[in-house]
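Worksheet: the structure to be examined is printed underneath.
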Amino acid sequence: MWPLILLLYIFIGVLFVSTEASVPHLVPPSNPIELPLHIYSPRDVGGNVTTRAGLTSVTMSSDRQSYYTVISIGEITFRVALDTASSDLWIISSDCTTKTCTTVPRYPRAYQSPTYVTVNDNSTSFNASYLDGTAASGFVAKESVRLSNLTVANQAFGMITDSNVNMVDQTSGIMGLGFPRLSSISNTVTNSTPFFVALAQQGLLDYPVFGLSLTRNETGTLSIGAVDSSIVKNASLISWNRVVDFAPFGAESNTSSYLQWAIPISGFSVNGTQFKTSPTYPNQADNISLALFDVGAPGIYGPIQDVARLFSSIDGARIVDSTGQWAIPCDTAVPLSFTFGSQSYLLQPSDYIIGPAIGNPNMCLSWPQASSPSSDGIDWQIGTAFLRTVYSIYSYGINAKESPLIGLYPIRNTTGAPETPDSVASLLSSLSATIATTLPNFLLPTPSYSTPPYAFNTSVSRAPQGIVSSGLATSTYSPILGLQSKFNATALPAITPSPTVMTFILTNSAGFLVTSTSTLGEPSVTLGVPPGWSAASSLRTSSLAAVLPGLIISWALIYLADILSFM
């Protein structure tokens with residue numbers, strides 16, 4: 001009798017396993033992250049109805065090194081760090097099993113997305129490397145990618161299979177917002193462009209522009225196709241700067257084109273004392289210093305010849321390591337400023353002081369940090385320490401009509417009272433900004449760097465007024481900002497965040513009007529989980545776990561049958 005029972009339960013167990021194996025499984029992260037979804041409404045500004053623009057939240061990472069937002073790839077939601085100094089989108093996949101990969105949500109390769117498209121049978125390699133020595137690699141694939149309400153079908157991106165890039169806050173990749181010339185994917189896969197560029201070149205936006213509002217303690221915004229009207233109250237106050245086009249590398253081509261979000265920086269000041277910048281390549285770069293605007297960089301970096309002069313004007317400042325890091329007394333109260341075009345932008349101590357050294361609590365590390373010369377002639381890298389003080393707008397330009405521009409909108413009163421050391425100390429304490437380091441107890445020499453050869457073909461001139469015939473937004477756009485020195489920014493489309501609080505005026509039982517407010521609820525999503533899949537613990541069930549109950553019952557019945565046979 002008992003062999004028959006055993007066969008029956010083995011059959012049931014095998015059938016159970018076979019049924020389970022036909023369903024795609026995802027092993028969810030041990031702590032699935034629930035995220036609010038923000039929905040934004042269009043706004044009619046002077047007849048400019050925003051119908052093709054999006055706005056999404058941007059959050060500072062817990063290590064204060066980057067800002068991330070939320071996108072969907074194949075209807076799977078991920079956090080991605082934003083980077084204006086690179087152009088490619090990449091996402092960690094389930095094929096990556098390194099320590100840095102397994103701690104974040106990953107694109108599940110077992111999921112058969114209806115919008116997934118292979119590129120050369122997944123044989124086109126993708127590689128991204130970073131200055132800190134980390135790197136990510138994998139292959140190029142295509143998927144439907146959505147940010148806010150904007151979608152690009154068949155968007156090429158890097159599917160990461162190996163990485164040691166440190167990701168925090170469940171961030172699964174990086175979204176580059178730079179020019180196609182920077183993109184390794186665009187240079188290897190035909191008819192592929194970065195996400196924002198695809199929107200601009202296909203005419204899918206109200207205007208080929210995006211804007212960034214970055215904050216330290218609150219959530220900022222990324223707007224695409226329009227500017228955030230909750231920030232920009234008076235568009236005429238935006239100061240516009242033409243992005244510089246770069247000559248080709250060697251024999252790359254015979255025309256200049258756009259490479260980085262880089263604009264001229266003419267000077268800086270310390271407590272009102274003005275300094276003119278000293279370019280590393282004065283002869284090759286028309287005696288102009290260039291500054292790269294990089295939302296992926298946490299601080300401010302400059303050439304040693306400028307940074308040394310800046311700190312020489314701050315009492316008690318000294319260099320503290322060979323990488324070009326300076327420290328200043330933590331009670332420093334002098335303001336700094338940087339000049340782009342004709343406009344100077346003020347930084348208070350709370351903007352440029354990084355934090356006190358744990359071994360020297362009266363000395364604070366400070367921006368800017370000196371950096372070695374770069375062969376592309378970009379002397380300054382302007383990261384989030386500066387970008388938090390302005391609303392930055394990146395206009396992509398229009399083929400044969402309008403050059404790319406960076407607009408800077410001041411968000412603070414530059415004539416306000418200077419910060420006090422006590423207010424700065426209070427802020428640093430609230431941020432737990434102490435740096436785990438001890439400064440040297442002796443003076444270090446100012447570092448010296450060798451200058452590499454200039455990378456570009458100097459025989460190729462820049463485009464007149466920055467106008468190029470291809471590579472920018474489709475010429476079906478009508479230029480709003482124009483070529484003149486006075487830009488007409490008031491015609492820029494604007495978008496307004498949807499309200500999170502509703503106000504109701506009601507009549508109570510006594511017949512009086514009363515005002516009531518209600519906070520709107522927000523739906524949530526789970527990171528890294530495809531539609532129709534569950535993050536419930538049942539999805540962790542393995543084949544052995546599935547068949548185990550059947551085996552236990554089988555052996556129990558066998559044991560019972562043996563007992564009954566002796567009765």
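Going through the structure tokens in order, the chains are called A, B, and so on, while each chain numbers its residues from 1 and the ligands are numbered from 1 in the order shown.
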
inquiry  = Quick one: residues within 12 Å of range 128-134 of chain A, only C-alpha atoms, excluding same-chain residues fewer than 6 positions away - as a ChimeraX atom specification?
reply    = /A:85-91,100,140,157-167,173-174,176,182-185,296-297,371-372

Same residues, C-alpha atoms, saved as a PDB file, in the first residue's frame:
```pdb
ATOM      1  CA  ALA A  85      28.509  65.234 -17.103  1.00  0.00           C
ATOM      2  CA  SER A  86      27.644  61.930 -18.792  1.00  0.00           C
ATOM      3  CA  SER A  87      25.032  60.912 -21.339  1.00  0.00           C
ATOM      4  CA  ASP A  88      24.179  57.231 -20.996  1.00  0.00           C
ATOM      5  CA  LEU A  89      21.503  55.517 -18.924  1.00  0.00           C
ATOM      6  CA  TRP A  90      22.499  52.305 -17.177  1.00  0.00           C
ATOM      7  CA  ILE A  91      20.721  49.968 -14.784  1.00  0.00           C
ATOM      8  CA  THR A 100      27.444  46.410  -4.642  1.00  0.00           C
ATOM      9  CA  VAL A 140      23.415  47.404 -24.547  1.00  0.00           C
ATOM     10  CA  PHE A 157      20.660  51.751 -22.187  1.00  0.00           C
ATOM     11  CA  GLY A 158      23.382  49.772 -20.453  1.00  0.00           C
ATOM     12  CA  MET A 159      22.259  46.522 -18.797  1.00  0.00           C
ATOM     13  CA  ILE A 160      24.888  46.056 -16.098  1.00  0.00           C
ATOM     14  CA  THR A 161      26.252  42.594 -15.394  1.00  0.00           C
ATOM     15  CA  ASP A 162      29.319  43.584 -13.362  1.00  0.00           C
ATOM     16  CA  SER A 163      29.911  46.642 -11.192  1.00  0.00           C
ATOM     17  CA  ASN A 164      31.764  47.896  -8.148  1.00  0.00           C
ATOM     18  CA  VAL A 165      30.158  51.350  -8.255  1.00  0.00           C
ATOM     19  CA  ASN A 166      28.880  52.102  -4.768  1.00  0.00           C
ATOM     20  CA  MET A 167      25.136  52.805  -4.835  1.00  0.00           C
ATOM     21  CA  GLY A 173      21.846  53.141 -11.910  1.00  0.00           C
ATOM     22  CA  ILE A 174      22.729  56.481 -13.455  1.00  0.00           C
ATOM     23  CA  GLY A 176      23.094  60.883 -17.994  1.00  0.00           C
ATOM     24  CA  LEU A 182      29.751  61.875 -24.690  1.00  0.00           C
ATOM     25  CA  SER A 183      27.667  58.730 -25.120  1.00  0.00           C
ATOM     26  CA  SER A 184      29.430  55.426 -25.650  1.00  0.00           C
ATOM     27  CA  ILE A 185      26.087  53.906 -26.683  1.00  0.00           C
ATOM     28  CA  GLY A 296      26.742  64.346 -10.395  1.00  0.00           C
ATOM     29  CA  ALA A 297      29.561  66.076  -8.478  1.00  0.00           C
ATOM     30  CA  SER A 371      42.085  69.387  -9.445  1.00  0.00           C
ATOM     31  CA  SER A 372      44.740  68.416 -11.962  1.00  0.00           C
TER      32      SER A 372
END
```

request  = Find the residues around Pro479 in chain A up to 12 Å (only C-alpha atoms counted), leave out those fewer than 4 positions away in its own chain, and share them as an MDAnalysis selection string.
outcome  = chainID A and resid 206:209 395:404 467 473:475 483:484 487:489 491:492

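When DSSP is run on the backbone, the residues of range 193-422 of chain A that fall into alpha helix (DSSP H) are A:Phe195, A:Phe196, A:Val197, A:Ala198, A:Leu199, A:Ala200, A:Gln201, A:Ile304, A:Gln305, A:Asp306, A:Val307, A:Ala308, A:Arg309, A:Leu310, A:Phe311, A:Ser312, A:Pro349, A:Ser350, A:Asp351, A:Tyr352, A:Thr384, A:Ala385, A:Phe386, A:Leu387, A:Pro421, A:Asp422.
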
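One finds CA of Tyr345 in chain A at 22.6 Å from CA of Ala425 in chain A.
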
key: A:Ala198, A:Leu428, A:Ile304, A:Leu365 ranked by distance to Gln325 in chain A, top pick (using only C-alpha atoms)   = A:Leu365

ask   = Suppose you want the space between CA of Val70 in chain A and CA of Asp294 in chain A; what is it in Å?
value =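 Pair CA of Val70 in chain A / CA of Asp294 in chain A returns 19.0 Å.
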
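Of the residues under consideration (A:Ala327, A:Ile231, A:Ala285, A:Ala226), A:Ala327 shows the shortest atom-to-atom contact distance to Ala357 in chain A when counting only C-alpha atoms.
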
inquiry  = So that I can check the surroundings of Thr59 in chain A, please list as a count of residues only every protein, DNA and RNA residue that reaches within 10 Å of it, counting only C-alpha atoms and ignoring chain neighbours fewer than 2 positions away.
reply    = 20
